[in-house]
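S.K.: For reference, the structure I am asking about is given below.
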Amino acid sequence: MKIAEVKTIRFMYMSQTVRDTDGHGHPGPEHEAVQTLLKIETDEGIEGYSFGGNPQVVANTIKPALIGEDPLYRERIWQDLKERQRLNLGTLSDGILCAVDLALWDLAGRCVNLPVHKLLGAFRDKVPAYASTMCGDDMKGGLDTPEAYAEFALACKERGYPAFKLHTWQPPIPWAPDPKKDVAACKAVRDAVGEEMDLMLDPFHYYSREESLYIGKALEELGYYWIEEPMDEHSISSYVWLTEQLSIPVVGPETAEGKMYTRAEWIRAHASDISRGGVRDLGGITPLVKTAHLCESFGVRMEVHGGGPGNLHVLCAMGFPGQYYERGLLHPFIDYDAVPPWLNELPDPMDDQGFVHVSEKPGLGLDINFDYIDANLVD
Ligand SMILES: [Mg+2]
């Protein structure tokens, strides 16, 4: 079997999410937006799909690299693309590697009629989810005050989530960041939901060592479950300093580039208690599985970053599990359980006990609404 075609299909949809100048998503007025579907075709008629991928990079770099390759040689293809990143990181991002790798795993699953988690070696079919909020905002009734977070945490608890993670306020909110206000929000949430619910914080990512320690100590008193990325992850020494002084688990690295190699160095340096990585941070399912095995070998837990089918399938194939699936990002104004128009069903449906169930359909299990995509094509 050989790869015969690699293409991107761009289509319009109506979005209710806008990005601020720092790139954080917030609810906003409905507007037209473009989504991209990556499609890999073979000479035997089997196809693989994933969402994402820059059309120009796919056409100029990915397609020439993939045409003629056996799509089941995922490791070789991933290693090849990783080496090509060296002088091309500006265009050939880990996000693109992720889109390609996901489509190849999808193709492999469709080839043998198995869902990806069973292709990897399944461990479980459902994972408890935490409600992961959008960043704080200044919208009335949104996530504008500690009380607003508390109210939203209660709503999430009612929906069935066993855990709740706050993303608090960041620039460009004019008065943010503010460690005291972060702690106030964490306290309001703890007071509202009681002792049972696991709570986590992912605050501003450029706090000083002292500010991070202040927040971490406060979270210890509030019985929080972990603290995530309060400082620049390029400073491993700062994380060693923080982790030594806190009993609350420090989770990371998340956004630091360097794939599984960076995770290995953090483990060796004792820079965090729980490691972190997701398909988009690392460049696909292939490196996320490597990272999971790395962490298992050191007896270090790994919490998977971000949602989506790639992360969910890996979570269902991890024998030394990451505990939670990150579901979101959530906001009081957004109905996360609404199915996007380009799909026929949610890729991460959650029951009222707070378990997200993995698809048993072949590959990633995406039930794509091709009629919608065909009716909304861009050029
Ligand atoms: Mg994070």
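Residues are referred to by chain and number: the chain letter is A, B, ... according to the order shown in the structure tokens, the number counts from 1 in that chain, and ligands are numbered separately from 1 in the order shown.
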With only C-alpha atoms as the counted atoms, please give the residues lying no more than 7 Å from His117 of chain A, apart from itself and same-chain residues fewer than 3 positions off, as an MDAnalysis selection string.
M.R.: chainID A and resid 120:122 313:314 316:317
S.K.: Could you write out the selected residues, including C-alpha atoms, as a CSV table (one decimal), in the first residue's frame?
M.R.:
chain,number,residue,atom,x,y,z
A,120,LEU,CA,-2.1,0.5,20.5
A,121,GLY,CA,-3.2,-2.1,23.1
A,122,ALA,CA,-6.2,-1.0,25.0
A,313,HIS,CA,-7.2,7.1,22.4
A,314,VAL,CA,-3.7,7.3,24.0
A,316,CYS,CA,-7.2,4.6,26.8
A,317,ALA,CA,-4.0,2.8,26.0
S.K.: Residues within 10 Å of ligand 1 (only C-alpha atoms and all ligand atoms), as a ChimeraX atom specification?
M.R.: /A:132,165-167,201-205,227-230,251-255,276-277,304-306,326
S.K.: Quick one: write out the picked residues with N, CA and C atoms as a CSV table (one decimal), in the first residue's frame?
M.R.:
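Okay, this is what ended up in again25.csv:
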chain,number,residue,atom,x,y,z
A,132,SER,N,-12.2,22.0,32.1
A,132,SER,CA,-11.1,22.9,31.9
A,132,SER,C,-11.6,24.3,31.3
A,165,LYS,N,-10.7,22.6,36.5
A,165,LYS,CA,-9.4,23.3,36.4
A,165,LYS,C,-9.7,24.8,36.0
A,166,LEU,N,-9.2,25.7,36.8
A,166,LEU,CA,-9.3,27.1,36.4
A,166,LEU,C,-8.1,27.5,35.6
A,167,HIS,N,-8.4,28.2,34.5
A,167,HIS,CA,-7.4,29.1,33.8
A,167,HIS,C,-7.8,30.5,34.2
A,201,LEU,N,-5.2,24.4,39.1
A,201,LEU,CA,-5.0,25.8,38.6
A,201,LEU,C,-3.9,25.8,37.5
A,202,ASP,N,-4.3,26.5,36.5
A,202,ASP,CA,-3.3,26.8,35.4
A,202,ASP,C,-3.4,28.3,35.2
A,203,PRO,N,-2.5,29.1,35.9
A,203,PRO,CA,-2.6,30.5,35.9
A,203,PRO,C,-1.7,31.2,34.8
A,204,PHE,N,-1.5,32.4,34.9
A,204,PHE,CA,-0.5,33.2,34.1
A,204,PHE,C,0.8,32.4,34.0
A,205,HIS,N,1.4,32.4,32.9
A,205,HIS,CA,2.6,31.5,32.7
A,205,HIS,C,4.0,32.2,32.9
A,227,ILE,N,-0.8,22.2,40.5
A,227,ILE,CA,-0.5,23.5,39.9
A,227,ILE,C,0.3,23.3,38.6
A,228,GLU,N,-0.1,24.1,37.6
A,228,GLU,CA,0.4,23.9,36.2
A,228,GLU,C,1.0,25.2,35.6
A,229,GLU,N,2.2,25.1,35.1
A,229,GLU,CA,2.8,26.2,34.3
A,229,GLU,C,2.7,27.6,34.8
A,230,PRO,N,3.1,27.8,36.1
A,230,PRO,CA,3.0,29.2,36.6
A,230,PRO,C,4.2,30.1,36.1
A,251,VAL,N,2.9,20.3,37.8
A,251,VAL,CA,2.7,19.6,36.5
A,251,VAL,C,3.5,20.3,35.4
A,252,GLY,N,4.2,19.5,34.6
A,252,GLY,CA,4.9,20.1,33.4
A,252,GLY,C,6.0,19.3,32.9
A,253,PRO,N,6.6,19.6,31.8
A,253,PRO,CA,6.3,20.8,30.9
A,253,PRO,C,5.2,20.5,30.0
A,254,GLU,N,4.5,21.6,29.6
A,254,GLU,CA,3.4,21.5,28.7
A,254,GLU,C,3.7,22.1,27.3
A,255,THR,N,4.1,23.4,27.3
A,255,THR,CA,4.3,24.1,26.1
A,255,THR,C,5.7,24.1,25.6
A,276,ARG,N,3.9,16.0,31.5
A,276,ARG,CA,2.7,16.6,30.7
A,276,ARG,C,3.1,16.5,29.2
A,277,GLY,N,2.1,16.2,28.5
A,277,GLY,CA,2.3,16.3,27.0
A,277,GLY,C,1.0,15.9,26.3
A,304,VAL,N,-2.3,14.1,30.4
A,304,VAL,CA,-2.3,14.4,29.0
A,304,VAL,C,-2.9,15.8,28.8
A,305,HIS,N,-2.3,16.6,28.0
A,305,HIS,CA,-2.7,18.0,27.8
A,305,HIS,C,-3.6,18.1,26.6
A,306,GLY,N,-4.8,18.6,26.9
A,306,GLY,CA,-5.8,18.9,25.8
A,306,GLY,C,-6.7,17.7,25.5
A,326,GLU,N,-8.7,16.1,29.6
A,326,GLU,CA,-9.0,17.5,29.7
A,326,GLU,C,-10.1,17.9,28.7
S.K.: Might you pull out every residue within 9 Å of segment 147-163 of chain A, with only C-alpha atoms counted and same-chain residues fewer than 5 positions away left off, and present them as number ranges by chain?
M.R.: A: 128-133, 136, 140-142, 184-193, 196-200, 324, 331-332, 350-355
S.K.: Using N, CA and C atoms, can you write the selected residues to a file as an mmCIF file, in the first residue's frame?
M.R.:
data_model
loop_
_atom_site.group_PDB
_atom_site.id
_atom_site.type_symbol
_atom_site.label_atom_id
_atom_site.label_comp_id
_atom_site.auth_asym_id
_atom_site.auth_seq_id
_atom_site.Cartn_x
_atom_site.Cartn_y
_atom_site.Cartn_z
ATOM 1 N N PRO A 128 -12.177 9.487 33.273
ATOM 2 C CA PRO A 128 -12.835 10.618 33.923
ATOM 3 C C PRO A 128 -12.284 11.933 33.371
ATOM 4 N N ALA A 129 -13.162 12.917 33.257
ATOM 5 C CA ALA A 129 -12.769 14.197 32.661
ATOM 6 C C ALA A 129 -12.717 15.288 33.712
ATOM 7 N N TYR A 130 -11.833 16.251 33.495
ATOM 8 C CA TYR A 130 -11.973 17.488 34.275
ATOM 9 C C TYR A 130 -12.481 18.597 33.374
ATOM 10 N N ALA A 131 -13.293 19.456 33.982
ATOM 11 C CA ALA A 131 -13.783 20.633 33.276
ATOM 12 C C ALA A 131 -12.652 21.639 33.239
ATOM 13 N N SER A 132 -12.223 22.022 32.053
ATOM 14 C CA SER A 132 -11.093 22.931 31.883
ATOM 15 C C SER A 132 -11.634 24.251 31.345
ATOM 16 N N THR A 133 -11.539 25.310 32.146
ATOM 17 C CA THR A 133 -12.189 26.569 31.747
ATOM 18 C C THR A 133 -11.360 27.337 30.726
ATOM 19 N N GLY A 136 -9.755 33.641 32.246
ATOM 20 C CA GLY A 136 -10.630 34.663 32.806
ATOM 21 C C GLY A 136 -10.855 35.813 31.829
ATOM 22 N N LYS A 140 -19.552 40.272 31.966
ATOM 23 C CA LYS A 140 -20.530 40.071 33.031
ATOM 24 C C LYS A 140 -21.223 38.718 32.832
ATOM 25 N N GLY A 141 -21.215 37.900 33.877
ATOM 26 C CA GLY A 141 -21.816 36.566 33.764
ATOM 27 C C GLY A 141 -20.871 35.560 33.132
ATOM 28 N N GLY A 142 -19.669 36.015 32.791
ATOM 29 C CA GLY A 142 -18.681 35.107 32.189
ATOM 30 C C GLY A 142 -17.768 34.548 33.261
ATOM 31 N N ALA A 184 -7.890 34.078 45.247
ATOM 32 C CA ALA A 184 -9.282 34.339 45.637
ATOM 33 C C ALA A 184 -10.242 33.486 44.798
ATOM 34 N N ALA A 185 -9.951 33.364 43.508
ATOM 35 C CA ALA A 185 -10.810 32.538 42.647
ATOM 36 C C ALA A 185 -10.730 31.069 43.068
ATOM 37 N N CYS A 186 -9.513 30.605 43.361
ATOM 38 C CA CYS A 186 -9.339 29.204 43.785
ATOM 39 C C CYS A 186 -10.085 28.937 45.094
ATOM 40 N N LYS A 187 -10.044 29.911 45.991
ATOM 41 C CA LYS A 187 -10.729 29.757 47.279
ATOM 42 C C LYS A 187 -12.249 29.749 47.077
ATOM 43 N N ALA A 188 -12.738 30.662 46.249
ATOM 44 C CA ALA A 188 -14.187 30.729 45.998
ATOM 45 C C ALA A 188 -14.685 29.407 45.415
ATOM 46 N N VAL A 189 -13.902 28.819 44.510
ATOM 47 C CA VAL A 189 -14.301 27.539 43.896
ATOM 48 C C VAL A 189 -14.297 26.436 44.952
ATOM 49 N N ARG A 190 -13.235 26.364 45.760
ATOM 50 C CA ARG A 190 -13.177 25.326 46.804
ATOM 51 C C ARG A 190 -14.358 25.465 47.768
ATOM 52 N N ASP A 191 -14.634 26.700 48.198
ATOM 53 C CA ASP A 191 -15.741 26.927 49.124
ATOM 54 C C ASP A 191 -17.071 26.486 48.501
ATOM 55 N N ALA A 192 -17.219 26.686 47.190
ATOM 56 C CA ALA A 192 -18.498 26.374 46.533
ATOM 57 C C ALA A 192 -18.700 24.871 46.345
ATOM 58 N N VAL A 193 -17.651 24.158 45.927
ATOM 59 C CA VAL A 193 -17.855 22.745 45.532
ATOM 60 C C VAL A 193 -17.586 21.766 46.672
ATOM 61 N N GLU A 196 -14.750 17.302 48.128
ATOM 62 C CA GLU A 196 -14.651 16.089 47.307
ATOM 63 C C GLU A 196 -13.980 16.299 45.938
ATOM 64 N N MET A 197 -14.308 17.419 45.293
ATOM 65 C CA MET A 197 -13.929 17.600 43.886
ATOM 66 C C MET A 197 -12.431 17.894 43.768
ATOM 67 N N ASP A 198 -11.758 17.218 42.821
ATOM 68 C CA ASP A 198 -10.366 17.560 42.516
ATOM 69 C C ASP A 198 -10.334 18.918 41.811
ATOM 70 N N LEU A 199 -9.441 19.783 42.277
ATOM 71 C CA LEU A 199 -9.340 21.126 41.691
ATOM 72 C C LEU A 199 -7.899 21.405 41.291
ATOM 73 N N MET A 200 -7.749 22.070 40.163
ATOM 74 C CA MET A 200 -6.418 22.377 39.654
ATOM 75 C C MET A 200 -6.382 23.835 39.178
ATOM 76 N N TYR A 324 -6.727 11.988 34.119
ATOM 77 C CA TYR A 324 -7.869 12.735 33.597
ATOM 78 C C TYR A 324 -7.758 13.062 32.110
ATOM 79 N N HIS A 331 -16.854 27.424 29.073
ATOM 80 C CA HIS A 331 -17.233 28.778 29.493
ATOM 81 C C HIS A 331 -18.742 28.800 29.675
ATOM 82 N N PRO A 332 -19.234 29.592 30.629
ATOM 83 C CA PRO A 332 -20.681 29.639 30.852
ATOM 84 C C PRO A 332 -21.490 29.982 29.591
ATOM 85 N N MET A 350 -19.461 12.767 27.122
ATOM 86 C CA MET A 350 -19.279 12.500 28.549
ATOM 87 C C MET A 350 -20.612 12.113 29.179
ATOM 88 N N ASP A 351 -20.612 11.024 29.962
ATOM 89 C CA ASP A 351 -21.840 10.612 30.647
ATOM 90 C C ASP A 351 -22.038 11.448 31.915
ATOM 91 N N ASP A 352 -23.117 11.199 32.632
ATOM 92 C CA ASP A 352 -23.382 12.081 33.778
ATOM 93 C C ASP A 352 -22.602 11.670 35.026
ATOM 94 N N GLN A 353 -21.756 10.629 34.884
ATOM 95 C CA GLN A 353 -20.802 10.304 35.952
ATOM 96 C C GLN A 353 -19.449 10.981 35.711
ATOM 97 N N GLY A 354 -19.331 11.690 34.586
ATOM 98 C CA GLY A 354 -18.089 12.396 34.292
ATOM 99 C C GLY A 354 -17.060 11.572 33.529
ATOM 100 N N PHE A 355 -17.501 10.453 32.931
ATOM 101 C CA PHE A 355 -16.586 9.639 32.122
ATOM 102 C C PHE A 355 -16.748 9.984 30.644
#
S.K.: Out of segment 96-183 of chain A, which residues get strand (DSSP E or B) from DSSP, as a PyMOL selection string?
M.R.: chain A and resi 115+126-133+163-167
S.K.: Taking 4 positions as the minimum chain separation for residues in the same chain, which residues sit within 12 Å of segment 54-64 of chain A when counting only C-alpha atoms? Answer as a PyMOL selection string.
M.R.: chain A and resi 3-10+34-41+68-69+77-78+80-82+84-85+88-101+378
S.K.: Do a neighbour search on Phe320 of chain A at 12 Å with only C-alpha atoms, toss out local chain neighbours closer than 5 positions, and write the hits as a list in words.
M.R.: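 Listing them by chain and then by number gives Ala122, Phe123, Arg124, Val289, Thr291, Ala292, His293, Leu294, Cys295, Glu296, Ser297, Phe298, Gly299, Val300, Arg301, Met302, Glu303, Val314 and Leu315 of chain A.
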S.K.: I'd like the neighbourhood of Asp337 of chain A as a PDB file with C-alpha atoms, in the first residue's frame, where a residue qualifies if any of its atoms comes within 10 Å (using only C-alpha atoms), though same-chain residues fewer than 5 positions away should be ignored.
M.R.:
ATOM      1  CA  GLY A 328     -12.863  22.050  27.153  1.00  0.00           C
ATOM      2  CA  LEU A 330     -15.419  25.525  28.802  1.00  0.00           C
ATOM      3  CA  GLU A 345     -21.351  13.144  16.883  1.00  0.00           C
ATOM      4  CA  LEU A 346     -19.041  14.461  19.590  1.00  0.00           C
ATOM      5  CA  ASP A 348     -15.555  13.023  23.442  1.00  0.00           C
ATOM      6  CA  PRO A 349     -19.078  12.381  24.754  1.00  0.00           C
ATOM      7  CA  MET A 350     -19.279  12.500  28.549  1.00  0.00           C
TER       8      MET A 350
END
S.K.: Please, what distance in Å, to one decimal, runs between atom CA of Glu47 of chain A and atom CA of Lys259 of chain A?
M.R.: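 Straight-line distance from atom CA of Glu47 of chain A to atom CA of Lys259 of chain A works out to 27.2 Å.
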S.K.: Would you please give, as a VMD selection string, all residues of segment 36-76 of chain A that DSSP assigns to helix (DSSP H, G or I) based on the backbone?
M.R.: chain A and resid 55 to 66 74 to 76
S.K.: State, in Å with one decimal place, the distance from atom CA of Gly45 of chain A to atom CA of Leu107 of chain A.
M.R.: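 Interatomic distance, atom CA of Gly45 of chain A to atom CA of Leu107 of chain A: 10.5 Å.
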S.K.: Go ahead and compute the interatomic distance for atom CA of Glu233 of chain A and atom CA of Tyr206 of chain A, in Å to one decimal.
M.R.: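 Between atom CA of Glu233 of chain A and atom CA of Tyr206 of chain A the gap is 8.9 Å.
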